[in-house]
Amino acid sequence: MLFSVIPGQVSVKQLLRQSVQRQHVAHAQLFRGSEGGAALALALAYAQYLNCEERAADAEDSCGHCPACVKTAKLAHPDLNFIVPVTSTKAVPKDATSSKFMAEWRAFVLDNPYQGLNDWMQHIGAENKQGSISKEEAGQLQRLVSLKAFEARFKIVIIWLPELMHPAAANAVLKLLEEPPPATVFLLVSHAPEQLLPTIISRVQPVVVRPFSENDITAYLNEQHQVPAVKARQVAQLAEGSLGAALASREQSADHDYFTFFVAWMRLCFGYGSKAADILKQSEEFQKLGRENQKELLSYSLGLLRKVLLFGIDPKFVPHLAAAEQQFITGFARFVTPRNADLLTKELTDAHYHIERNANPKMVFVDSSLRLGGHLRMA
Ligand SMILES: [Zn+2]
């Protein structure tokens, strides 16, 4: 994978490149970031950059076409090794270790490197079983690192989700980190580094991977997946920095324009006098969305409300708004102040809670609308 195909993440890419350019490659590094983020993709791009055979000393990226790059990009380089959580499945009924799942792992990562543990477990057909890095993996790891690199400068071992290591596997890894084999680089990719042994943490160089920005996700969906700009922004706002979540939800929510719904809804709530009939009519529209989309609409509304509040405090807090959003937020900001923000937030959170617990959507909608109206008039 090339660094350039990963959206954003400018400063961490820079740090990773510099470590190679200055020949300060730590033998063990911990890419820590939330699920759906860039941690695994960055580790893969870094591995490719490290072993690229035709990269100029100060190149921004690996060349992408030398034999090492081609094999690494396909995750088929003999010196690129993976340890990942697995479990027994129909295909592998016992002694499940990473090496038995490598074909599945390649397909999974090459399809989309921003997926999470649950996606992986579904991919291998784990049903409801938990994945882990078993104690049998410790032996595999020993054998793996006892061999010299076959053809590359560095032998690379990527451990995906080391927080799921069995204690025996964790101890084996710790021993390797204490007495690192030559020309071997361990890249640990973790979503929950606080669950790792402190002795492991103290021996790895941290690489902090921030969630994707809303703009990076919007641009990625728009440019790489041809999601129309307005929908892309809506999906990005719901994804909260997870490109994995954005990619997974781009199809479902792409059919609904939550922004337009929210704007119409707030106008209704704010209206004085005999608006009950209009609210009822809108509640039918809400009902039609179906429960999953109702929840998504409410989450989206919370996100937008937060932007409105921040904009009211200082427009600089919410840069890069889409034009329609900018116009709405500018007007609406006068009605959302620190006086009523908590009440409005609570109303939307409560509505989400009730929808999740199978309350009647029309009733939830009408109740919330009336109370939101009251709160809005307080501003
Ligand atoms: Zn190359």
# chains A, B, ... in the order shown; residues from 1 in each chain; ligands from 1
>>> residues_near_ligand(ligand="ligand 1", cutoff="10 Å", atoms="only C-alpha atoms and all ligand atoms", output="PyMOL selection string")
chain A and resi 2+48-56+61-73
>>> write_last_selection(atoms="N, CA, C and O atoms", output="PDB file, in the first residue's frame")
ATOM      1  N   LEU A   2       0.488   2.235  -0.768  1.00  0.00           N
ATOM      2  CA  LEU A   2       1.215   3.502  -0.794  1.00  0.00           C
ATOM      3  C   LEU A   2       0.666   4.418   0.303  1.00  0.00           C
ATOM      4  O   LEU A   2      -0.518   4.389   0.616  1.00  0.00           O
ATOM      5  N   GLN A  48       5.918  -1.278   3.375  1.00  0.00           N
ATOM      6  CA  GLN A  48       6.272  -1.211   1.954  1.00  0.00           C
ATOM      7  C   GLN A  48       7.382  -0.192   1.719  1.00  0.00           C
ATOM      8  O   GLN A  48       8.317  -0.427   0.948  1.00  0.00           O
ATOM      9  N   TYR A  49       7.277   0.932   2.414  1.00  0.00           N
ATOM     10  CA  TYR A  49       8.287   1.997   2.296  1.00  0.00           C
ATOM     11  C   TYR A  49       9.648   1.486   2.782  1.00  0.00           C
ATOM     12  O   TYR A  49      10.682   1.738   2.164  1.00  0.00           O
ATOM     13  N   LEU A  50       9.629   0.758   3.906  1.00  0.00           N
ATOM     14  CA  LEU A  50      10.871   0.226   4.487  1.00  0.00           C
ATOM     15  C   LEU A  50      11.598  -0.691   3.519  1.00  0.00           C
ATOM     16  O   LEU A  50      12.820  -0.632   3.392  1.00  0.00           O
ATOM     17  N   ASN A  51      10.866  -1.535   2.841  1.00  0.00           N
ATOM     18  CA  ASN A  51      11.508  -2.574   2.039  1.00  0.00           C
ATOM     19  C   ASN A  51      11.554  -2.268   0.544  1.00  0.00           C
ATOM     20  O   ASN A  51      12.048  -3.087  -0.231  1.00  0.00           O
ATOM     21  N   CYS A  52      11.045  -1.102   0.152  1.00  0.00           N
ATOM     22  CA  CYS A  52      11.070  -0.739  -1.277  1.00  0.00           C
ATOM     23  C   CYS A  52      12.516  -0.734  -1.769  1.00  0.00           C
ATOM     24  O   CYS A  52      13.416  -0.229  -1.103  1.00  0.00           O
ATOM     25  N   GLU A  53      12.738  -1.295  -2.941  1.00  0.00           N
ATOM     26  CA  GLU A  53      14.107  -1.428  -3.462  1.00  0.00           C
ATOM     27  C   GLU A  53      14.511  -0.251  -4.350  1.00  0.00           C
ATOM     28  O   GLU A  53      15.679  -0.094  -4.677  1.00  0.00           O
ATOM     29  N   GLU A  54      13.549   0.529  -4.764  1.00  0.00           N
ATOM     30  CA  GLU A  54      13.898   1.582  -5.734  1.00  0.00           C
ATOM     31  C   GLU A  54      13.519   2.969  -5.247  1.00  0.00           C
ATOM     32  O   GLU A  54      13.326   3.892  -6.035  1.00  0.00           O
ATOM     33  N   ARG A  55      13.404   3.111  -3.963  1.00  0.00           N
ATOM     34  CA  ARG A  55      12.995   4.397  -3.397  1.00  0.00           C
ATOM     35  C   ARG A  55      14.217   5.299  -3.281  1.00  0.00           C
ATOM     36  O   ARG A  55      15.265   4.880  -2.778  1.00  0.00           O
ATOM     37  N   ALA A  56      14.086   6.539  -3.732  1.00  0.00           N
ATOM     38  CA  ALA A  56      15.142   7.522  -3.506  1.00  0.00           C
ATOM     39  C   ALA A  56      15.195   7.816  -2.011  1.00  0.00           C
ATOM     40  O   ALA A  56      14.195   7.662  -1.300  1.00  0.00           O
ATOM     41  N   ASP A  61       7.217   8.483  -0.925  1.00  0.00           N
ATOM     42  CA  ASP A  61       6.448   7.240  -0.887  1.00  0.00           C
ATOM     43  C   ASP A  61       7.302   6.113  -1.456  1.00  0.00           C
ATOM     44  O   ASP A  61       8.349   6.369  -2.065  1.00  0.00           O
ATOM     45  N   SER A  62       6.844   4.884  -1.268  1.00  0.00           N
ATOM     46  CA  SER A  62       7.543   3.783  -1.923  1.00  0.00           C
ATOM     47  C   SER A  62       7.274   3.869  -3.424  1.00  0.00           C
ATOM     48  O   SER A  62       6.337   4.543  -3.852  1.00  0.00           O
ATOM     49  N   CYS A  63       8.123   3.166  -4.223  1.00  0.00           N
ATOM     50  CA  CYS A  63       8.018   3.347  -5.673  1.00  0.00           C
ATOM     51  C   CYS A  63       6.749   2.717  -6.230  1.00  0.00           C
ATOM     52  O   CYS A  63       6.195   3.178  -7.218  1.00  0.00           O
ATOM     53  N   GLY A  64       6.291   1.613  -5.599  1.00  0.00           N
ATOM     54  CA  GLY A  64       5.045   0.990  -6.037  1.00  0.00           C
ATOM     55  C   GLY A  64       5.215  -0.023  -7.147  1.00  0.00           C
ATOM     56  O   GLY A  64       4.265  -0.741  -7.448  1.00  0.00           O
ATOM     57  N   HIS A  65       6.401  -0.087  -7.768  1.00  0.00           N
ATOM     58  CA  HIS A  65       6.529  -1.035  -8.879  1.00  0.00           C
ATOM     59  C   HIS A  65       7.715  -1.990  -8.783  1.00  0.00           C
ATOM     60  O   HIS A  65       7.836  -2.900  -9.594  1.00  0.00           O
ATOM     61  N   CYS A  66       8.613  -1.813  -7.825  1.00  0.00           N
ATOM     62  CA  CYS A  66       9.721  -2.781  -7.697  1.00  0.00           C
ATOM     63  C   CYS A  66       9.147  -4.116  -7.189  1.00  0.00           C
ATOM     64  O   CYS A  66       8.035  -4.144  -6.663  1.00  0.00           O
ATOM     65  N   PRO A  67       9.908  -5.205  -7.340  1.00  0.00           N
ATOM     66  CA  PRO A  67       9.364  -6.506  -6.905  1.00  0.00           C
ATOM     67  C   PRO A  67       8.911  -6.497  -5.439  1.00  0.00           C
ATOM     68  O   PRO A  67       7.870  -7.076  -5.115  1.00  0.00           O
ATOM     69  N   ALA A  68       9.683  -5.829  -4.563  1.00  0.00           N
ATOM     70  CA  ALA A  68       9.306  -5.805  -3.144  1.00  0.00           C
ATOM     71  C   ALA A  68       7.974  -5.077  -2.943  1.00  0.00           C
ATOM     72  O   ALA A  68       7.110  -5.525  -2.190  1.00  0.00           O
ATOM     73  N   CYS A  69       7.800  -3.946  -3.628  1.00  0.00           N
ATOM     74  CA  CYS A  69       6.552  -3.189  -3.511  1.00  0.00           C
ATOM     75  C   CYS A  69       5.367  -4.009  -4.018  1.00  0.00           C
ATOM     76  O   CYS A  69       4.315  -4.054  -3.390  1.00  0.00           O
ATOM     77  N   VAL A  70       5.575  -4.643  -5.178  1.00  0.00           N
ATOM     78  CA  VAL A  70       4.467  -5.393  -5.787  1.00  0.00           C
ATOM     79  C   VAL A  70       4.020  -6.517  -4.851  1.00  0.00           C
ATOM     80  O   VAL A  70       2.827  -6.705  -4.603  1.00  0.00           O
ATOM     81  N   LYS A  71       5.011  -7.231  -4.273  1.00  0.00           N
ATOM     82  CA  LYS A  71       4.651  -8.337  -3.380  1.00  0.00           C
ATOM     83  C   LYS A  71       4.036  -7.821  -2.079  1.00  0.00           C
ATOM     84  O   LYS A  71       3.084  -8.404  -1.555  1.00  0.00           O
ATOM     85  N   THR A  72       4.610  -6.737  -1.562  1.00  0.00           N
ATOM     86  CA  THR A  72       4.072  -6.204  -0.306  1.00  0.00           C
ATOM     87  C   THR A  72       2.649  -5.696  -0.516  1.00  0.00           C
ATOM     88  O   THR A  72       1.771  -5.904   0.323  1.00  0.00           O
ATOM     89  N   ALA A  73       2.425  -5.052  -1.660  1.00  0.00           N
ATOM     90  CA  ALA A  73       1.085  -4.514  -1.921  1.00  0.00           C
ATOM     91  C   ALA A  73       0.046  -5.622  -1.971  1.00  0.00           C
ATOM     92  O   ALA A  73      -1.106  -5.427  -1.596  1.00  0.00           O
TER      93      ALA A  73
END
>>> residues_around(residues="Leu42 of chain A", least_positions_apart="5", cutoff="9 Å", atoms="only C-alpha atoms", output="list of chain:residue names")
A:Met1, A:Leu2, A:Phe3, A:Ile6, A:Gln9, A:Val12, A:Lys13, A:Leu16, A:Phe31, A:Ala47, A:Val209
>>> closest_residue(among="A:Met102, A:Leu238, A:Leu376, A:Leu243", to="Ala219 of chain A", atoms="only C-alpha atoms")
A:Leu243
>>> select_by_dssp(residues="segment 80-252 of chain A", states="helix (DSSP H, G or I)", output="number ranges by chain")
A: 98-111, 117-123, 136-146, 162-164, 167-178, 193-195, 198-201, 214-225, 229-239, 243-249
>>> closest_residue(among="A:Leu144, A:Ala57, A:Ala39, A:Val25", to="Tyr114 of chain A", atoms="only C-alpha atoms")
A:Ala39
>>> closest_residue(among="A:Met266, A:Leu177, A:Leu196, A:Pro206", to="Leu15 of chain A", atoms="only C-alpha atoms")
A:Pro206
>>> residues_around(residues="segment 345-359 of chain A", least_positions_apart="4", cutoff="7 Å", atoms="only C-alpha atoms", output="PyMOL selection string")
chain A and resi 291+295+298+302+341+364+368+372
>>> atom_distance(atom1="atom CA of Ser242 of chain A", atom2="atom CA of Leu40 of chain A")
12.8 Å
>>> closest_atom_pairs(of="segment 226-252 of chain A", to="segment 309-326 of chain A", cutoff="9 Å", atoms="only C-alpha atoms", output="tab-separated table")
residue	atom	partner	partner_atom	distance
A:Ala229	CA	A:Ala322	CA	8.9
A:Val230	CA	A:Ala322	CA	7.8
A:Arg233	CA	A:Ala322	CA	8.1
>>> select_by_dssp(residues="segment 197-358 of chain A", states="strand (DSSP E)", output="PyMOL selection string")
chain A and resi 205-208
>>> residues_around(residues="Leu164 of chain A", least_positions_apart="5", cutoff="8 Å", atoms="only C-alpha atoms", output="ChimeraX atom specification")
/A:85,131-133
>>> closest_residue(among="A:Ile158, A:Val366, A:Ala246, A:Leu80", to="Gln282 of chain A", atoms="only C-alpha atoms")
A:Val366
>>> residues_around(residues="Val84 of chain A", least_positions_apart="3", cutoff="12 Å", atoms="only C-alpha atoms", output="PyMOL selection string")
chain A and resi 40+81+87+96-102+104-106+109+116-117+120-121+124+131-134+137+141+157-166+169+187-190
